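Have a look at model33.tsv; it's TSV, C-alpha atoms:
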chain	number	residue	atom	x	y	z
S	1	MET	CA	85.21	111.38	81.29
S	2	LEU	CA	88.34	112.93	82.83
S	3	GLU	CA	90.08	116.14	81.84
S	4	LEU	CA	93.18	117.79	83.29
S	5	HIS	CA	93.81	121.36	82.20
S	6	ASP	CA	97.21	122.95	82.94
S	7	VAL	CA	97.50	121.32	86.38
S	8	HIS	CA	100.34	122.48	88.63
S	9	ALA	CA	100.88	120.61	91.88
S	10	GLY	CA	103.53	119.68	94.41
S	11	TYR	CA	104.50	118.96	97.97
S	12	GLY	CA	104.73	122.10	100.07
S	13	ASP	CA	107.22	124.41	98.38
S	14	ALA	CA	108.48	121.62	96.11
S	15	ALA	CA	106.69	121.78	92.74
S	16	ALA	CA	106.24	118.41	90.99
S	17	LEU	CA	103.77	119.01	88.12
S	18	PHE	CA	104.14	121.85	85.65
S	19	GLY	CA	101.06	122.30	83.51
S	20	ILE	CA	99.74	118.76	83.02
S	21	SER	CA	96.92	118.49	80.47
S	22	MET	CA	95.31	115.23	79.41
S	23	GLN	CA	91.92	113.65	78.76
S	24	ILE	CA	90.38	110.20	78.99
S	25	LYS	CA	87.21	109.15	77.22
S	26	PRO	CA	84.70	106.59	78.58
S	27	GLY	CA	85.83	103.02	77.99
S	28	GLU	CA	89.43	103.94	77.18
S	29	ALA	CA	92.54	102.46	78.74
S	30	VAL	CA	95.20	105.17	78.81
S	31	GLY	CA	98.80	104.78	79.90
S	32	LEU	CA	100.90	107.36	81.73
S	33	LEU	CA	104.53	106.35	81.26
S	34	GLY	CA	107.72	107.71	82.71
S	35	ARG	CA	110.74	107.03	84.86
S	36	ASN	CA	110.76	107.04	88.64
S	37	GLY	CA	110.24	110.58	89.87
S	38	ALA	CA	108.79	111.78	86.57
S	39	GLY	CA	105.47	112.77	88.14
S	40	LYS	CA	103.25	109.75	87.42
S	41	SER	CA	102.14	109.09	90.99
S	42	THR	CA	101.77	112.79	91.72
S	43	THR	CA	99.42	113.10	88.73
S	44	LEU	CA	97.16	110.37	90.12
S	45	LYS	CA	97.31	111.86	93.61
S	46	SER	CA	96.37	115.29	92.26
S	47	ILE	CA	93.37	113.73	90.49
S	48	MET	CA	92.30	112.16	93.80
S	49	GLY	CA	92.95	115.32	95.82
S	50	LEU	CA	95.75	113.72	97.84
S	51	VAL	CA	98.19	116.31	96.51
S	52	PRO	CA	96.70	119.79	96.22
S	53	SER	CA	96.82	121.58	92.88
S	54	SER	CA	98.16	125.11	92.99
S	55	SER	CA	96.46	125.90	89.69
S	56	GLY	CA	94.66	124.28	86.80
S	57	ARG	CA	91.45	122.24	86.64
S	58	VAL	CA	90.55	118.58	87.10
S	59	ILE	CA	87.14	117.76	85.61
S	60	PHE	CA	85.45	114.38	86.07
S	61	LEU	CA	82.14	113.55	84.40
S	62	GLY	CA	81.72	117.23	83.62
S	63	GLN	CA	82.22	118.32	87.25
S	64	ASP	CA	85.09	120.51	88.39
S	65	LEU	CA	86.76	118.78	91.35
S	66	HIS	CA	88.34	121.93	92.78
S	67	GLY	CA	87.86	122.06	96.55
S	68	MET	CA	86.58	118.49	96.78
S	69	ARG	CA	88.13	116.18	99.33
S	70	THR	CA	89.37	112.72	98.40
S	71	PHE	CA	86.35	110.85	99.75
S	72	GLN	CA	84.04	113.12	97.76
S	73	ARG	CA	85.95	112.37	94.55
S	74	SER	CA	85.73	108.67	95.33
S	75	ARG	CA	81.97	108.93	95.75
S	76	LEU	CA	81.73	110.46	92.28
S	77	GLY	CA	83.29	107.31	90.83
S	78	LEU	CA	87.07	107.68	90.98
S	79	GLY	CA	88.81	104.53	92.17
S	80	TYR	CA	92.48	104.68	93.17
S	81	VAL	CA	94.88	101.74	93.57
S	82	PRO	CA	98.05	103.19	95.12
S	83	GLU	CA	101.57	102.06	94.32
S	84	ASP	CA	102.10	100.74	97.88
S	85	ARG	CA	98.75	98.88	97.86
S	86	ARG	CA	97.69	100.10	101.34
S	87	ILE	CA	95.81	96.96	102.31
S	88	PHE	CA	94.94	96.47	105.99
S	89	PRO	CA	97.44	93.78	107.13
S	90	GLU	CA	95.53	92.75	110.26
S	91	LEU	CA	92.21	92.35	108.45
S	92	THR	CA	91.32	89.27	106.45
S	93	VAL	CA	90.85	89.35	102.69
S	94	LEU	CA	87.08	89.43	103.14
S	95	GLU	CA	87.28	92.18	105.78
S	96	ASN	CA	89.50	94.26	103.49
S	97	LEU	CA	86.87	94.01	100.80
S	98	GLU	CA	84.06	94.83	103.23
S	99	THR	CA	85.70	98.17	104.12
S	100	ALA	CA	85.19	99.39	100.55
S	101	VAL	CA	81.62	98.28	99.83
S	102	LYS	CA	79.59	101.13	98.36
S	103	PRO	CA	75.88	100.72	97.55
S	104	SER	CA	74.99	101.22	93.91
S	105	THR	CA	71.89	101.06	91.75
S	106	ASP	CA	74.05	100.17	88.73
S	107	SER	CA	73.20	96.76	87.29
S	108	ALA	CA	76.93	96.08	86.92
S	109	VAL	CA	77.63	96.55	90.64
S	110	TRP	CA	80.73	94.82	92.00
S	111	THR	CA	79.96	92.06	94.49
S	112	PHE	CA	82.13	89.64	96.47
S	113	GLU	CA	81.23	86.91	93.99
S	114	ARG	CA	82.23	89.08	91.05
S	115	VAL	CA	85.64	90.07	92.42
S	116	PHE	CA	86.37	86.48	93.43
S	117	LYS	CA	85.57	85.40	89.89
S	118	LEU	CA	88.05	87.97	88.59
S	119	PHE	CA	90.66	87.02	91.20
S	120	PRO	CA	90.12	83.30	91.95
S	121	ALA	CA	93.24	83.16	94.12
S	122	LEU	CA	91.56	85.47	96.65
S	123	ALA	CA	88.45	83.30	96.85
S	124	SER	CA	90.41	80.48	98.50
S	125	MET	CA	91.98	82.73	101.14
S	126	GLN	CA	89.06	84.88	102.30
S	127	LYS	CA	89.91	84.33	105.98
S	128	ARG	CA	93.66	84.94	105.59
S	129	ALA	CA	95.11	88.16	107.00
S	130	GLY	CA	96.13	90.65	104.33
S	131	GLY	CA	99.63	90.89	105.77
S	132	LEU	CA	100.23	87.19	105.10
S	133	LEU	CA	99.56	87.48	101.36
S	134	SER	CA	102.31	87.55	98.77
S	135	GLY	CA	103.06	90.78	96.91
S	136	GLY	CA	101.00	89.66	93.92
S	137	GLU	CA	98.09	88.60	96.09
S	138	GLN	CA	98.19	91.94	97.90
S	139	GLN	CA	98.09	93.74	94.57
S	140	MET	CA	95.05	91.72	93.52
S	141	LEU	CA	93.40	92.48	96.86
S	142	SER	CA	94.11	96.20	96.49
S	143	ILE	CA	92.48	96.25	93.04
S	144	ALA	CA	89.56	94.07	94.22
S	145	ARG	CA	88.96	96.34	97.21
S	146	THR	CA	88.86	99.41	94.96
S	147	LEU	CA	86.40	97.67	92.62
S	148	MET	CA	84.04	97.09	95.56
S	149	GLY	CA	83.51	100.86	95.53
S	150	ASN	CA	82.05	100.60	91.99
S	151	PRO	CA	84.40	103.07	90.27
S	152	ARG	CA	83.63	104.63	86.90
S	153	LEU	CA	87.34	105.30	86.34
S	154	LEU	CA	90.09	103.14	87.83
S	155	LEU	CA	93.47	104.77	88.51
S	156	LEU	CA	96.24	102.16	88.75
S	157	ASP	CA	99.65	103.25	90.04
S	158	GLU	CA	102.49	100.91	88.99
S	159	PRO	CA	100.50	97.67	89.39
S	160	SER	CA	103.31	95.47	88.02
S	161	GLU	CA	106.12	96.91	90.14
S	162	GLY	CA	108.12	94.40	92.15
S	163	LEU	CA	106.15	91.36	90.99
S	164	ALA	CA	107.49	88.15	89.46
S	165	PRO	CA	107.02	87.80	85.67
S	166	LEU	CA	104.38	85.05	86.00
S	167	VAL	CA	102.38	87.18	88.43
S	168	VAL	CA	102.70	90.20	86.15
S	169	ALA	CA	101.33	88.14	83.24
S	170	LEU	CA	98.36	87.00	85.34
S	171	LEU	CA	97.66	90.52	86.55
S	172	ARG	CA	97.79	91.79	82.97
S	173	GLN	CA	95.11	89.26	82.00
S	174	GLN	CA	92.89	90.31	84.90
S	175	ILE	CA	93.19	94.01	84.10
S	176	ALA	CA	92.47	93.20	80.44
S	177	LYS	CA	89.18	91.63	81.56
S	178	LEU	CA	88.26	94.90	83.29
S	179	LYS	CA	88.94	96.74	80.04
S	180	GLU	CA	86.82	94.23	78.09
S	181	GLU	CA	83.95	94.89	80.49
S	182	GLY	CA	84.13	98.58	79.62
S	183	LEU	CA	85.77	99.99	82.74
S	184	THR	CA	87.76	103.14	82.00
S	185	LEU	CA	91.42	102.87	83.07
S	186	LEU	CA	94.33	105.22	83.69
S	187	LEU	CA	97.47	103.13	84.14
S	188	CYS	CA	100.75	104.55	85.44
S	189	GLU	CA	103.65	102.29	84.51
S	190	GLN	CA	107.37	102.03	83.89
S	191	ASN	CA	106.88	98.61	82.28
S	192	LEU	CA	106.37	99.54	78.63
S	193	GLY	CA	105.36	96.03	77.55
S	194	PHE	CA	102.74	95.80	80.29
S	195	ALA	CA	101.22	99.11	79.25
S	196	MET	CA	101.33	98.28	75.53
S	197	ALA	CA	99.30	95.12	76.13
S	198	LEU	CA	96.52	97.05	77.83
S	199	CYS	CA	96.36	100.67	76.71
S	200	ASP	CA	94.76	102.30	73.68
S	201	ARG	CA	97.06	105.32	73.80
S	202	VAL	CA	99.68	106.85	76.03
S	203	TYR	CA	101.03	109.99	77.63
S	204	VAL	CA	104.73	110.19	78.47
S	205	ILE	CA	105.68	112.36	81.43
S	206	ASP	CA	109.13	113.59	82.42
S	207	THR	CA	110.10	116.13	85.10
S	208	GLY	CA	106.45	116.93	85.70
S	209	GLN	CA	105.57	117.74	82.09
S	210	ILE	CA	103.89	115.81	79.28
S	211	GLY	CA	106.48	115.12	76.59
S	212	PHE	CA	104.33	113.00	74.30
S	213	ALA	CA	100.69	112.11	73.71
S	214	GLY	CA	99.53	109.58	71.13
S	215	THR	CA	99.36	105.91	70.21
S	216	PHE	CA	102.08	103.34	70.81
S	217	ALA	CA	102.66	103.17	67.05
S	218	GLU	CA	103.35	106.90	67.04
S	219	LEU	CA	105.65	106.48	70.05
S	220	ASP	CA	107.55	103.66	68.33
S	221	ALA	CA	108.11	105.98	65.39
S	222	LYS	CA	110.05	108.32	67.70
S	223	PRO	CA	112.91	106.25	69.14
S	224	GLU	CA	114.76	109.40	70.19
S	225	LEU	CA	111.79	110.39	72.37
S	226	LYS	CA	111.68	106.93	73.96
S	227	ARG	CA	115.39	107.16	74.74
S	228	ALA	CA	115.01	110.64	76.19
S	229	HIS	CA	112.01	109.95	78.44
S	230	LEU	CA	111.73	106.21	79.09
S	231	THR	CA	115.13	104.52	79.08
S	232	VAL	CA	117.19	104.30	82.25
Do you think you could lay out the structure here as structure tokens?
Amino acid sequence: MLELHDVHAGYGDAAALFGISMQIKPGEAVGLLGRNGAGKSTTLKSIMGLVPSSSGRVIFLGQDLHGMRTFQRSRLGLGYVPEDRRIFPELTVLENLETAVKPSTDSAVWTFERVFKLFPALASMQKRAGGLLSGGEQQMLSIARTLMGNPRLLLLDEPSEGLAPLVVALLRQQIAKLKEEGLTLLLCEQNLGFAMALCDRVYVIDTGQIGFAGTFAELDAKPELKRAHLTV
């Protein structure tokens, strides 16, 4: 479904990614793990076209995304949930969701009823301004809003960051339901336990380069690699 081939990207003259290659198959949940500043968010932003690639290829559903703007990539079926959530604080929950509605002929189209079933807490606060929600509620709203665009692949950037343990556990259950329904996921995380509960396999990134690719069992068999790339 998604392929990155030797992607180099950065911010102006500051390079951040140095030859990232990875692939995600339909229906997979794949983790991208690493410390702060390792290049996780930049990888997602390069996939979405928010950070330009200086070289390499990003291919989605067999189509090279080179030269495509972010909204064009979204229309192809890429859904992006940013680390800072980016909800509209002055709009209500329902209005936030309405901004992302995208018509679809798919029988599994996301509707208001369907996202409220996934996130029941949002159903009871449809008229509440987004800025008055808790951090966990805002994260749920950010994911729900992205789902309203009917993505084929959901990119999640640090969804558990800054949330209380009980909220993290609830969010993990909700994302697991998305996986059970067959939605393809790319999950950027520092929380190893959160990623292990959801992902089929993992890439570990450090200083803009992939240091490991494989299953969690294979990662556990390399404690020195975990210490080198994941411990603080």
- Task: Excluding Gly49 in chain S and residues on its chain fewer than 6 positions from it, collect all residues at most 10 Å away from it, counting only C-alpha atoms, and give them as a list in words.
- Result: Thr43, Val58, Leu65, His66, Gly67, Met68, Arg69, Thr70, Phe71, Gln72, Arg73 and Ser74 of chain S
- If you measure from CA of Gly79 in chain S to CA of Ala213 in chain S, what distance in Å do you get, rounded to one decimal?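 Between these atoms lies a distance of 23.2 Å.
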- Task: Please provide the set of residues having any atom within 9 Å of range 95-100 of chain S, restricted to all atoms listed in the file, with same-chain residues fewer than 6 positions apart removed, written as a list in words.
- Result: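 Returned residues: Ile87, Phe88, Pro89, Phe112, Gln126, Lys127, Ala129, Gly130, Leu141, Ser142, Ala144, Arg145, Thr146, Leu147, Met148 and Gly149 of chain S.
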- Query: What separation in Å, quoted to one decimal, exists between CA of Phe116 in chain S and CA of Val93 in chain S?
  - Reply: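 So the two atoms, CA of Phe116 in chain S and CA of Val93 in chain S, lie 10.7 Å apart.
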- Task: Figure out the distance between CA of Gly162 in chain S and CA of Met22 in chain S, please, to one decimal in Å.
- Result: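 Those two atoms sit 27.6 Å apart.
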- Contacts of Leu153 in chain S within 8 Å, all atoms listed in the file, excl. fewer than 6 positions in-chain, as JSON, numbers by chain: {"S": [77, 78, 79, 183, 184, 185, 186]}
Near Leu163 in chain S, counting all atoms listed in the file, which residues have an atom at most 12 Å away, once you skip same-chain residues fewer than 6 positions from it, shown as a compact mmCIF listing (two decimals) with C-alpha atoms, in the frame of the given file?
# COMPACT_ATOMS: atom_id res chain seq x y z
CA SER S 134 102.31 87.55 98.77
CA GLY S 135 103.06 90.78 96.91
CA GLY S 136 101.00 89.66 93.92
CA GLU S 137 98.09 88.60 96.09
CA GLN S 138 98.19 91.94 97.90
CA GLN S 139 98.09 93.74 94.57
CA MET S 140 95.05 91.72 93.52
CA ALA S 169 101.33 88.14 83.24
CA LEU S 170 98.36 87.00 85.34
CA LEU S 171 97.66 90.52 86.55
CA ARG S 172 97.79 91.79 82.97
CA ASN S 191 106.88 98.61 82.28
- Between S:Asp157, S:Glu90, S:Asp200, S:Glu218, single out the one closest to Gly27 in chain S, counting all atoms listed in the file.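 Checking each of S:Asp157, S:Glu90, S:Asp200, S:Glu218 against Gly27 in chain S, counting all atoms listed in the file, the winner is S:Asp200.
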- Would you list the contacts of range 219-227 of chain S as a list in words, taking every protein, DNA or RNA residue within 10 Å and counting only C-alpha atoms, but skipping same-chain residues closer than 3 positions in sequence?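 Surrounding residues, per the criterion: Gly34, Arg201, Val202, Tyr203, Val204, Gly211, Phe212, Ala213, Gly214, Thr215, Phe216, Leu230, Thr231 and Val232 of chain S.
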Written selection (C-alpha atoms) as a PDB file, in the coordinates of the input:
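Output saved as selection_10.pdb:
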ATOM      1  CA  GLY S  34     107.720 107.710  82.710  1.00  0.00           C
ATOM      2  CA  ARG S 201      97.060 105.320  73.800  1.00  0.00           C
ATOM      3  CA  VAL S 202      99.680 106.850  76.030  1.00  0.00           C
ATOM      4  CA  TYR S 203     101.030 109.990  77.630  1.00  0.00           C
ATOM      5  CA  VAL S 204     104.730 110.190  78.470  1.00  0.00           C
ATOM      6  CA  GLY S 211     106.480 115.120  76.590  1.00  0.00           C
ATOM      7  CA  PHE S 212     104.330 113.000  74.300  1.00  0.00           C
ATOM      8  CA  ALA S 213     100.690 112.110  73.710  1.00  0.00           C
ATOM      9  CA  GLY S 214      99.530 109.580  71.130  1.00  0.00           C
ATOM     10  CA  THR S 215      99.360 105.910  70.210  1.00  0.00           C
ATOM     11  CA  PHE S 216     102.080 103.340  70.810  1.00  0.00           C
ATOM     12  CA  LEU S 230     111.730 106.210  79.090  1.00  0.00           C
ATOM     13  CA  THR S 231     115.130 104.520  79.080  1.00  0.00           C
ATOM     14  CA  VAL S 232     117.190 104.300  82.250  1.00  0.00           C
TER      15      VAL S 232
END
- Message: Ranking S:Ala217, S:Ala121, S:Ala195, S:Leu50 by minimum distance to Tyr80 in chain S and counting all atoms listed in the file, which one comes first?
- Response: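 Of all the options, S:Leu50 lies closest to Tyr80 in chain S.
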- Message: I'd like to know which of S:Met1, S:Ala197, S:Val101, S:Leu166 is closest to Gln23 in chain S, using all atoms listed in the file.
- Response: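 Checking each of S:Met1, S:Ala197, S:Val101, S:Leu166 against Gln23 in chain S, counting all atoms listed in the file, the winner is S:Met1.
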Axis-aligned box for all listed atoms of range 115-121 of chain S, 6 Å per side, centre and edges in Å to one decimal, as AutoDock Vina command-line options:
--center_x 89.4 --center_y 86.6 --center_z 91.4 --size_x 19.7 --size_y 18.9 --size_z 17.5
- Message: For a cutoff of 9 Å around the file-coordinate point (90.2, 103.2, 82.4), which residues qualify once you count all atoms listed in the file? I'd like the result as a list in words.
- Response: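 It turns out the residues near that spot are Ile24, Lys25, Pro26, Gly27, Glu28, Ala29, Val30, Arg152, Leu153, Leu154, Leu155, Leu156, Leu178, Lys179, Gly182, Leu183, Thr184, Leu185, Leu186, Leu187 and Cys199 of chain S.
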- Which is closer to Thr111 in chain S than all the others in S:His229, S:Ile20, S:Arg86, S:Asn150, using all atoms listed in the file?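 For Thr111 in chain S, the nearest of the candidates is S:Asn150.
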- Message: With distances taken over all atoms listed in the file, which residue among S:Ser21, S:Ser160, S:Ser53, S:Thr92 lies nearest His5 in chain S?
- Response: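 Smallest distance to His5 in chain S is found for S:Ser21.
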